[in-house]
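Notes to accompany the following structure.
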Amino acid sequence: MKAVYTHRPFVAIAISFCLGIAAGYKLPVPAWIWCVSALSMLLVCWRVYLKFPPFLIFLLIGFSGAVYTNIYQAAIRDDFARQKLLNAQQVYIEGVVAADPIFRAMRYTEKTVFTVELNRARIVDKNPPEKFIPMQGKVLVNVFRKEEVIYGEKLGLKGKFSRPMEFGKKGQFSYRDYLARAGIGYTLNVKKAEPLKRLGKDQGQWVVRLAYAVRKHFRRIFDNNFSPDESGLVRALMLGDRTGVPFFISDIFMKTGTTHILAISGFNIAILAVMVLVFLKFFPFHRNIIMSLAVIFLIFNMIMTDMSASVVRATIMASVVLIAFMVERPKDHFNILGVAAFVVLIFDPLYLFDIGFQLSFVCVLSLIVLQPKVKAAAEKLLGTPKNKVVSWLSESLLVSLAVWIGVMPLIIYYFHLISFVSLLANLLIPFLMSLAMFLAMGVMFFSFFSVYVMKCFVIVLKLLLNLTIGATFLFAECPYGYVQTKEQNGWFILGYYLMLGVILYKIKETEKIQLVNSTKNGTL
């Protein structure tokens with residue numbers, strides 16, 4: 001059998017890089033020490049083997065991951081404390097809006113939230129104000145009113161710096177850590193009456209500006225044609241904007257184990273890719289042109305949906321599959337997953353610690369590794385269904401079971417619950433949501449051409465959304481549909497996957513023995 005680094009090289013590369021990133025993130029070691037360690041390893045191997053063995057390549061990739069993470073973290077660290085900006089009551093900054101702004105209407109207030117890439121800042125407490133200090137890095141700005149701000153606009157803002165607040169309990173999702181992994185260490189709070197200075201525009205990339213302009217158009221279409229709750233759900237499904245999803249909807253989706261549908265991931269991207277390919281088939285284009293246009297569309301959609309870890313992963317995987325069709329190369333699912341992981345982590349190594357990244361990759365791995373084993377075990381116990389409908393239902397249930405087994409420790413670790421009803425909910429809810437995506441695509445497409453046709457899609461989509469929410473609510477209200485669990489640590493996740501790995505290894509060895517015995521008995 002070929003070694004994994006020759007048969008599936010990108011799997012070994014991705015694993016080595018991930019281990020290096022984890023080491024670089026957890027161990028407070030300067031980059032130069034990692035470089036010296038790698039050089040020492042090279043010298044030792046040369047002295048022992050008089051050559052460089054293949055495994056050394058992947059060891060060096062691991063060291064590269066540690067060094068890259070160390071340099072990446074150093075690059076996003078700010079010097080707020082050193083410049084005494086945190087202690088100041090009033091700070092004036094100048095910078096460029098680096099992401100699509102989000103408006104949030106809350107119970108007692110409203111605010112516009114956006115990220116600013118800093119240029120310079122100064123303390124304005126004193127009279128006269130201090131001199132400008134050149135600054136780098138990002139800051140999250142909260143303007144406590146509705147404000148029209150666009151990506152690429154250069155602004156002057158006056159407010160107070162503070163550390164991001166923590167909203168959850170200890171051991172649950174950390175908003176502060178989430179922002180830190182995005183390179184944001186502090187927030188700037190701008191009072192309601194404080195004006196913004198507009199110093200310029202068109203500072204960002206033109207492709208990103210175009211993507212955000214299209215996103216803004218679709219957001220306006222959804223807000224004008226749906227109720228607030230319906231609009232929030234469609235925006236989450238199609239634009240990756242979950243700020244408008246009410247808590248009760250997020251809660252029932254989480255309890256039924258279908259929350260992955262609300263976050264744009266492989267499910268959404270796969271449906272979108274199929275829709276685009278079917279649409280392009282109506283044009284007299286060569287197959288490679290159709291595939292290329294589909295890849296371009298998926299990349300544009302990735303930018304429009306704010307490039308979360310799950311969207312980037314799903315887009316890369318879909319693009320690699322389409323490119324493989326273009327060049328007519330055989331596809332290996334593990335290699336494709338390795339390529340996707342490596343590219344995503346090159347883009348941002350701290351994605352490794354993002355819950356969306358982890359759930360996304362574990363879901364795909366569960367489908368690749370666990371689903372065939374679960375299906376084989378079910379057929380051995382119950383036989384193969386003869387009826388096509390029963391066969392489809394059983395196949396869908398087994399897929400749901402495989403994913404449930406794969407992601408369960410992460411769900412317990414992050415959300416502190418086990419959803420049993422998700423096995424059934426994932427048979428119906430994804431199907432309804434795929435229909436909703438098709439109708440939402442119709443709304444988006446005809447919003448440019450025909451208001452009347454768009455309104456027809458809106459009416460049907462409204463009915464389907466309410467049906468989906470009703471069905472999800474019924475699943476969430478099932479007795480013992482889910483149970484709360486105690487807080488777990490990383491050792492629980494490690495132990496679970498080690499045990500699962502041992503079980504899969506034993507199954508594989510048993511299959512080998514059965515194959516050898518059947519060959520000897522002449523049954524093959």
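We label chains A, B, ... in the order they appear in the structure tokens, count residues from 1 in each chain, and number ligands from 1 in the order shown.
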
Which residues are near stretch 30-34 of chain A? Cut-off 7 Å, only C-alpha atoms, ignore same chain within fewer than 4 positions. Put them as a PyMOL selection string.
chain A and resi 38+63+67+70-71

With N, CA and C atoms kept, could you save the residues just selected as a compact mmCIF listing (two decimals), in the first residue's frame?
# COMPACT_ATOMS: atom_id res chain seq x y z
N ALA A 38 13.92 23.96 13.10
CA ALA A 38 13.80 23.30 11.79
C ALA A 38 15.18 23.07 11.17
N PHE A 63 6.69 22.92 10.83
CA PHE A 63 7.43 24.07 11.34
C PHE A 63 7.01 25.36 10.62
N VAL A 67 5.69 28.84 12.31
CA VAL A 67 6.31 30.14 12.02
C VAL A 67 5.29 31.09 11.42
N ASN A 70 2.92 32.34 14.03
CA ASN A 70 3.60 33.30 14.90
C ASN A 70 3.72 34.67 14.24
N ILE A 71 4.11 34.67 12.96
CA ILE A 71 4.25 35.94 12.23
C ILE A 71 2.88 36.57 12.00

Neighbours of A:Val91 within 8 Å (only C-alpha atoms; same-chain residues fewer than 4 positions away dropped), as a list in words?
Leu85, Ala121, Arg122, Ile123, Val124, Asp125, Lys158, Gly159, Lys160 and Phe161 of chain A

Same residues, all heavy atoms, output as a JSON list (two decimals), in the first residue's frame:
[["chain", "number", "residue", "atom", "x", "y", "z"],
["A", 85, "LEU", "N", -3.67, 54.55, 24.36],
["A", 85, "LEU", "CA", -4.96, 54.92, 23.77],
["A", 85, "LEU", "C", -6.12, 54.33, 24.54],
["A", 85, "LEU", "O", -7.23, 54.87, 24.53],
["A", 85, "LEU", "CB", -5.02, 54.45, 22.31],
["A", 85, "LEU", "CG", -4.02, 55.12, 21.35],
["A", 85, "LEU", "CD1", -4.07, 54.44, 20.00],
["A", 85, "LEU", "CD2", -4.34, 56.60, 21.21],
["A", 121, "ALA", "N", -4.06, 57.63, 14.56],
["A", 121, "ALA", "CA", -4.95, 57.96, 15.67],
["A", 121, "ALA", "C", -4.27, 58.99, 16.56],
["A", 121, "ALA", "O", -3.05, 59.18, 16.52],
["A", 121, "ALA", "CB", -5.29, 56.70, 16.47],
["A", 122, "ARG", "N", -5.10, 59.64, 17.38],
["A", 122, "ARG", "CA", -4.54, 60.57, 18.37],
["A", 122, "ARG", "C", -5.53, 60.71, 19.54],
["A", 122, "ARG", "O", -6.74, 60.53, 19.38],
["A", 122, "ARG", "CB", -4.26, 61.93, 17.77],
["A", 122, "ARG", "CG", -5.49, 62.72, 17.33],
["A", 122, "ARG", "CD", -5.09, 64.07, 16.81],
["A", 122, "ARG", "NE", -6.25, 64.84, 16.35],
["A", 122, "ARG", "CZ", -6.17, 66.06, 15.83],
["A", 122, "ARG", "NH1", -4.99, 66.65, 15.68],
["A", 122, "ARG", "NH2", -7.27, 66.69, 15.45],
["A", 123, "ILE", "N", -4.99, 61.05, 20.70],
["A", 123, "ILE", "CA", -5.79, 61.29, 21.89],
["A", 123, "ILE", "C", -6.28, 62.74, 21.85],
["A", 123, "ILE", "O", -5.49, 63.67, 21.62],
["A", 123, "ILE", "CB", -4.98, 61.02, 23.16],
["A", 123, "ILE", "CG1", -4.52, 59.56, 23.20],
["A", 123, "ILE", "CG2", -5.78, 61.36, 24.41],
["A", 123, "ILE", "CD1", -3.57, 59.24, 24.33],
["A", 124, "VAL", "N", -7.58, 62.93, 22.07],
["A", 124, "VAL", "CA", -8.15, 64.29, 22.01],
["A", 124, "VAL", "C", -8.66, 64.75, 23.36],
["A", 124, "VAL", "O", -9.42, 65.73, 23.45],
["A", 124, "VAL", "CB", -9.27, 64.36, 20.95],
["A", 124, "VAL", "CG1", -8.71, 64.16, 19.57],
["A", 124, "VAL", "CG2", -10.36, 63.33, 21.24],
["A", 125, "ASP", "N", -8.27, 64.04, 24.45],
["A", 125, "ASP", "CA", -8.67, 64.47, 25.80],
["A", 125, "ASP", "C", -8.06, 65.82, 26.15],
["A", 125, "ASP", "O", -8.68, 66.66, 26.79],
["A", 125, "ASP", "CB", -8.23, 63.44, 26.84],
["A", 125, "ASP", "CG", -9.07, 62.18, 26.76],
["A", 125, "ASP", "OD1", -10.08, 62.19, 26.06],
["A", 125, "ASP", "OD2", -8.69, 61.18, 27.39],
["A", 158, "LYS", "N", -14.52, 59.66, 16.19],
["A", 158, "LYS", "CA", -14.12, 60.00, 17.55],
["A", 158, "LYS", "C", -14.95, 59.19, 18.54],
["A", 158, "LYS", "O", -16.18, 59.15, 18.47],
["A", 158, "LYS", "CB", -14.32, 61.49, 17.81],
["A", 158, "LYS", "CG", -13.76, 61.95, 19.16],
["A", 158, "LYS", "CD", -13.53, 63.45, 19.22],
["A", 158, "LYS", "CE", -14.85, 64.19, 19.21],
["A", 158, "LYS", "NZ", -14.64, 65.65, 19.44],
["A", 159, "GLY", "N", -14.27, 58.52, 19.45],
["A", 159, "GLY", "CA", -14.96, 57.69, 20.43],
["A", 159, "GLY", "C", -14.00, 57.19, 21.49],
["A", 159, "GLY", "O", -12.93, 57.76, 21.69],
["A", 160, "LYS", "N", -14.39, 56.09, 22.15],
["A", 160, "LYS", "CA", -13.57, 55.52, 23.22],
["A", 160, "LYS", "C", -13.28, 54.06, 22.91],
["A", 160, "LYS", "O", -14.18, 53.30, 22.54],
["A", 160, "LYS", "CB", -14.29, 55.63, 24.56],
["A", 160, "LYS", "CG", -13.52, 55.01, 25.74],
["A", 160, "LYS", "CD", -14.20, 55.27, 27.05],
["A", 160, "LYS", "CE", -13.50, 54.51, 28.19],
["A", 160, "LYS", "NZ", -12.05, 54.80, 28.29],
["A", 161, "PHE", "N", -12.01, 53.67, 23.10],
["A", 161, "PHE", "CA", -11.62, 52.28, 22.91],
["A", 161, "PHE", "C", -12.01, 51.45, 24.12],
["A", 161, "PHE", "O", -11.99, 51.92, 25.27],
["A", 161, "PHE", "CB", -10.11, 52.17, 22.70],
["A", 161, "PHE", "CG", -9.65, 52.50, 21.31],
["A", 161, "PHE", "CD1", -8.77, 53.54, 21.08],
["A", 161, "PHE", "CD2", -10.11, 51.78, 20.23],
["A", 161, "PHE", "CE1", -8.34, 53.85, 19.80],
["A", 161, "PHE", "CE2", -9.70, 52.07, 18.95],
["A", 161, "PHE", "CZ", -8.81, 53.11, 18.73]]

Just the alpha helix (DSSP H) stuff from stretch 66-259 of chain A, please, per backbone DSSP, written as a ChimeraX atom specification.
/A:66-76,175-181,206-225,228-239,247-255

Kindly save the residues from that selection, with C-alpha atoms included, as a PDB file, in the first residue's frame.
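Once written, again.pdb looks like this:
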ATOM      1  CA  ALA A  66       4.133  27.338  13.431  1.00  0.00           C
ATOM      2  CA  VAL A  67       6.312  30.142  12.024  1.00  0.00           C
ATOM      3  CA  TYR A  68       3.503  31.436   9.795  1.00  0.00           C
ATOM      4  CA  THR A  69       1.064  31.505  12.726  1.00  0.00           C
ATOM      5  CA  ASN A  70       3.602  33.300  14.901  1.00  0.00           C
ATOM      6  CA  ILE A  71       4.252  35.936  12.225  1.00  0.00           C
ATOM      7  CA  TYR A  72       0.518  36.250  11.459  1.00  0.00           C
ATOM      8  CA  GLN A  73      -0.316  36.862  15.125  1.00  0.00           C
ATOM      9  CA  ALA A  74       2.494  39.400  15.419  1.00  0.00           C
ATOM     10  CA  ALA A  75       1.190  41.205  12.335  1.00  0.00           C
ATOM     11  CA  ILE A  76      -2.322  41.590  13.755  1.00  0.00           C
ATOM     12  CA  TYR A 175     -16.916  36.675  21.304  1.00  0.00           C
ATOM     13  CA  ARG A 176     -13.606  38.236  22.360  1.00  0.00           C
ATOM     14  CA  ASP A 177     -11.598  35.264  21.078  1.00  0.00           C
ATOM     15  CA  TYR A 178     -13.690  35.212  17.899  1.00  0.00           C
ATOM     16  CA  LEU A 179     -12.753  38.839  17.155  1.00  0.00           C
ATOM     17  CA  ALA A 180      -9.124  38.236  18.145  1.00  0.00           C
ATOM     18  CA  ARG A 181      -8.849  35.462  15.560  1.00  0.00           C
ATOM     19  CA  TRP A 206     -13.198  47.081  -6.864  1.00  0.00           C
ATOM     20  CA  VAL A 207     -14.359  43.454  -6.889  1.00  0.00           C
ATOM     21  CA  VAL A 208     -15.215  43.622  -3.190  1.00  0.00           C
ATOM     22  CA  ARG A 209     -16.990  46.961  -3.691  1.00  0.00           C
ATOM     23  CA  LEU A 210     -19.075  45.414  -6.479  1.00  0.00           C
ATOM     24  CA  ALA A 211     -19.882  42.334  -4.386  1.00  0.00           C
ATOM     25  CA  TYR A 212     -21.004  44.450  -1.434  1.00  0.00           C
ATOM     26  CA  ALA A 213     -23.094  46.680  -3.719  1.00  0.00           C
ATOM     27  CA  VAL A 214     -24.914  43.589  -5.025  1.00  0.00           C
ATOM     28  CA  ARG A 215     -25.287  42.326  -1.441  1.00  0.00           C
ATOM     29  CA  LYS A 216     -26.819  45.666  -0.424  1.00  0.00           C
ATOM     30  CA  HIS A 217     -29.286  45.474  -3.335  1.00  0.00           C
ATOM     31  CA  PHE A 218     -30.428  41.973  -2.369  1.00  0.00           C
ATOM     32  CA  ARG A 219     -30.686  42.939   1.305  1.00  0.00           C
ATOM     33  CA  ARG A 220     -32.981  45.828   0.357  1.00  0.00           C
ATOM     34  CA  ILE A 221     -35.097  43.502  -1.825  1.00  0.00           C
ATOM     35  CA  PHE A 222     -35.525  41.027   1.028  1.00  0.00           C
ATOM     36  CA  ASP A 223     -36.299  43.725   3.614  1.00  0.00           C
ATOM     37  CA  ASN A 224     -38.924  45.366   1.370  1.00  0.00           C
ATOM     38  CA  ASN A 225     -40.762  42.167   0.415  1.00  0.00           C
ATOM     39  CA  PRO A 228     -38.471  41.124   9.503  1.00  0.00           C
ATOM     40  CA  ASP A 229     -38.299  37.478  10.635  1.00  0.00           C
ATOM     41  CA  GLU A 230     -38.654  36.120   7.093  1.00  0.00           C
ATOM     42  CA  SER A 231     -36.108  38.594   5.742  1.00  0.00           C
ATOM     43  CA  GLY A 232     -33.626  37.651   8.456  1.00  0.00           C
ATOM     44  CA  LEU A 233     -33.974  33.982   7.557  1.00  0.00           C
ATOM     45  CA  VAL A 234     -33.553  34.558   3.797  1.00  0.00           C
ATOM     46  CA  ARG A 235     -30.584  36.870   4.360  1.00  0.00           C
ATOM     47  CA  ALA A 236     -28.902  34.203   6.504  1.00  0.00           C
ATOM     48  CA  LEU A 237     -29.594  31.554   3.883  1.00  0.00           C
ATOM     49  CA  MET A 238     -28.461  33.526   0.817  1.00  0.00           C
ATOM     50  CA  LEU A 239     -26.159  36.336   2.055  1.00  0.00           C
ATOM     51  CA  PHE A 247     -33.324  34.249  18.778  1.00  0.00           C
ATOM     52  CA  PHE A 248     -36.289  31.854  18.827  1.00  0.00           C
ATOM     53  CA  ILE A 249     -35.531  30.729  15.246  1.00  0.00           C
ATOM     54  CA  SER A 250     -31.819  30.241  15.978  1.00  0.00           C
ATOM     55  CA  ASP A 251     -32.785  28.340  19.139  1.00  0.00           C
ATOM     56  CA  ILE A 252     -35.117  25.832  17.441  1.00  0.00           C
ATOM     57  CA  PHE A 253     -32.602  25.231  14.651  1.00  0.00           C
ATOM     58  CA  MET A 254     -29.882  24.590  17.241  1.00  0.00           C
ATOM     59  CA  LYS A 255     -32.093  22.195  19.249  1.00  0.00           C
TER      60      LYS A 255
END

Counting only C-alpha atoms, what is within 12 Å of A:His333, bar same-chain residues fewer than 2 positions away, as an NGL selection string?
:A and (8 or 10-11 or 317-318 or 320-321 or 324 or 330-331 or 335-340 or 361 or 364-369)

May I have the residues from that selection written out with C-alpha atoms, as a PDB file, in the first residue's frame?
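out.pdb, written as the output of this step:
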ATOM      1  CA  ARG A   8      -2.680  11.437  -0.794  1.00  0.00           C
ATOM      2  CA  PHE A  10      -2.361  16.984   0.340  1.00  0.00           C
ATOM      3  CA  VAL A  11      -3.803  15.074   3.294  1.00  0.00           C
ATOM      4  CA  MET A 317     -13.835  22.335  -2.514  1.00  0.00           C
ATOM      5  CA  ALA A 318     -16.501  23.026  -5.144  1.00  0.00           C
ATOM      6  CA  VAL A 320     -11.414  22.048  -7.048  1.00  0.00           C
ATOM      7  CA  VAL A 321     -14.089  19.527  -8.099  1.00  0.00           C
ATOM      8  CA  ALA A 324     -10.936  18.405 -11.862  1.00  0.00           C
ATOM      9  CA  PRO A 330      -9.594  11.543 -11.130  1.00  0.00           C
ATOM     10  CA  LYS A 331     -11.001  13.020  -7.938  1.00  0.00           C
ATOM     11  CA  ASN A 335      -7.013  15.119  -1.365  1.00  0.00           C
ATOM     12  CA  ILE A 336      -9.694  17.682  -2.245  1.00  0.00           C
ATOM     13  CA  LEU A 337     -10.426  18.179   1.453  1.00  0.00           C
ATOM     14  CA  GLY A 338      -6.681  18.528   2.135  1.00  0.00           C
ATOM     15  CA  VAL A 339      -6.327  21.176  -0.586  1.00  0.00           C
ATOM     16  CA  ALA A 340      -9.320  23.080   0.796  1.00  0.00           C
ATOM     17  CA  PHE A 361     -14.602  19.822   7.793  1.00  0.00           C
ATOM     18  CA  VAL A 364     -17.455  16.361   5.165  1.00  0.00           C
ATOM     19  CA  LEU A 365     -15.088  13.816   6.734  1.00  0.00           C
ATOM     20  CA  SER A 366     -18.077  12.076   8.321  1.00  0.00           C
ATOM     21  CA  LEU A 367     -19.719  11.739   4.918  1.00  0.00           C
ATOM     22  CA  ILE A 368     -16.518  10.369   3.375  1.00  0.00           C
ATOM     23  CA  VAL A 369     -15.417   8.027   6.169  1.00  0.00           C
TER      24      VAL A 369
END

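If you look at atom CA of A:Ala378 and atom CA of A:Trp392, they are 13.8 Å away from each other.
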
Write out as a PDB file with N, CA, C and O atoms, in the first residue's frame the residues lying within 8 Å of stretch 490-498 of chain A, counting only C-alpha atoms and excluding same-chain residues fewer than 2 positions away.
ATOM      1  N   PRO A 409     -19.229  15.313  19.358  1.00  0.00           N
ATOM      2  CA  PRO A 409     -18.370  15.880  20.417  1.00  0.00           C
ATOM      3  C   PRO A 409     -18.191  17.387  20.295  1.00  0.00           C
ATOM      4  O   PRO A 409     -18.088  18.090  21.315  1.00  0.00           O
ATOM      5  N   LEU A 410     -18.155  17.906  19.069  1.00  0.00           N
ATOM      6  CA  LEU A 410     -18.025  19.358  18.893  1.00  0.00           C
ATOM      7  C   LEU A 410     -19.304  20.073  19.333  1.00  0.00           C
ATOM      8  O   LEU A 410     -19.237  21.153  19.941  1.00  0.00           O
ATOM      9  N   TYR A 413     -19.265  20.098  23.047  1.00  0.00           N
ATOM     10  CA  TYR A 413     -18.233  21.003  23.563  1.00  0.00           C
ATOM     11  C   TYR A 413     -18.661  22.470  23.453  1.00  0.00           C
ATOM     12  O   TYR A 413     -18.489  23.252  24.396  1.00  0.00           O
ATOM     13  N   GLN A 488     -17.609  20.315  28.803  1.00  0.00           N
ATOM     14  CA  GLN A 488     -16.518  19.376  28.526  1.00  0.00           C
ATOM     15  C   GLN A 488     -15.279  20.149  28.084  1.00  0.00           C
ATOM     16  O   GLN A 488     -15.363  21.311  27.664  1.00  0.00           O
ATOM     17  N   LEU A 500     -13.279   6.554  18.258  1.00  0.00           N
ATOM     18  CA  LEU A 500     -13.902   6.355  16.955  1.00  0.00           C
ATOM     19  C   LEU A 500     -12.892   5.824  15.945  1.00  0.00           C
ATOM     20  O   LEU A 500     -13.206   4.944  15.129  1.00  0.00           O
ATOM     21  N   GLY A 501     -11.649   6.345  16.012  1.00  0.00           N
ATOM     22  CA  GLY A 501     -10.599   5.869  15.115  1.00  0.00           C
ATOM     23  C   GLY A 501     -10.267   4.411  15.345  1.00  0.00           C
ATOM     24  O   GLY A 501     -10.061   3.642  14.385  1.00  0.00           O
ATOM     25  N   VAL A 502     -10.224   3.998  16.616  1.00  0.00           N
ATOM     26  CA  VAL A 502      -9.944   2.593  16.943  1.00  0.00           C
ATOM     27  C   VAL A 502     -11.058   1.693  16.402  1.00  0.00           C
ATOM     28  O   VAL A 502     -10.791   0.617  15.833  1.00  0.00           O
TER      29      VAL A 502
END

Measuring atom to atom with only C-alpha atoms, identify which of A:Gly95, A:Gly470, A:Gly244, A:Gly137 is nearest to A:Ala182.
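Among the listed residues, A:Gly137 lies closest to A:Ala182.
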
Selection: 8 Å around A:Met326, only C-alpha atoms, excl. self and same-chain fewer than 5 positions, as number ranges by chain
A: 287-288, 291

Hey, what's within 7 Å of A:Gly62 if we count only C-alpha atoms and toss same-chain stuff fewer than 2 positions away? As a ChimeraX atom specification, please?
/A:16-17,19-20,58-60,64-66

Using Å and a single decimal, report how far atom CA of A:Leu345 sits from atom CA of A:Trp404.
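Taking atom CA of A:Trp404 as the start and atom CA of A:Leu345 as the end point, the length is 25.3 Å.
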
Identify which of the residues A:Leu359, A:Ile346, A:Ile21, A:Ile269 lies closest to A:Ile412, counting only C-alpha atoms when measuring atom-to-atom distances.
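Nearest candidate to A:Ile412 out of A:Leu359, A:Ile346, A:Ile21, A:Ile269: A:Leu359.
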
Nearest candidate to A:Ile61 (options A:Leu277, A:Ala14, A:Ala294, A:Val143; using only C-alpha atoms):
A:Ala14

Mind checking DSSP for stretch 20-199 of chain A and telling me the strand (DSSP E or B) residues as a PyMOL selection string?
chain A and resi 91-97+102-105+110-123+133-134+138-143+154-162+184-190+197-199
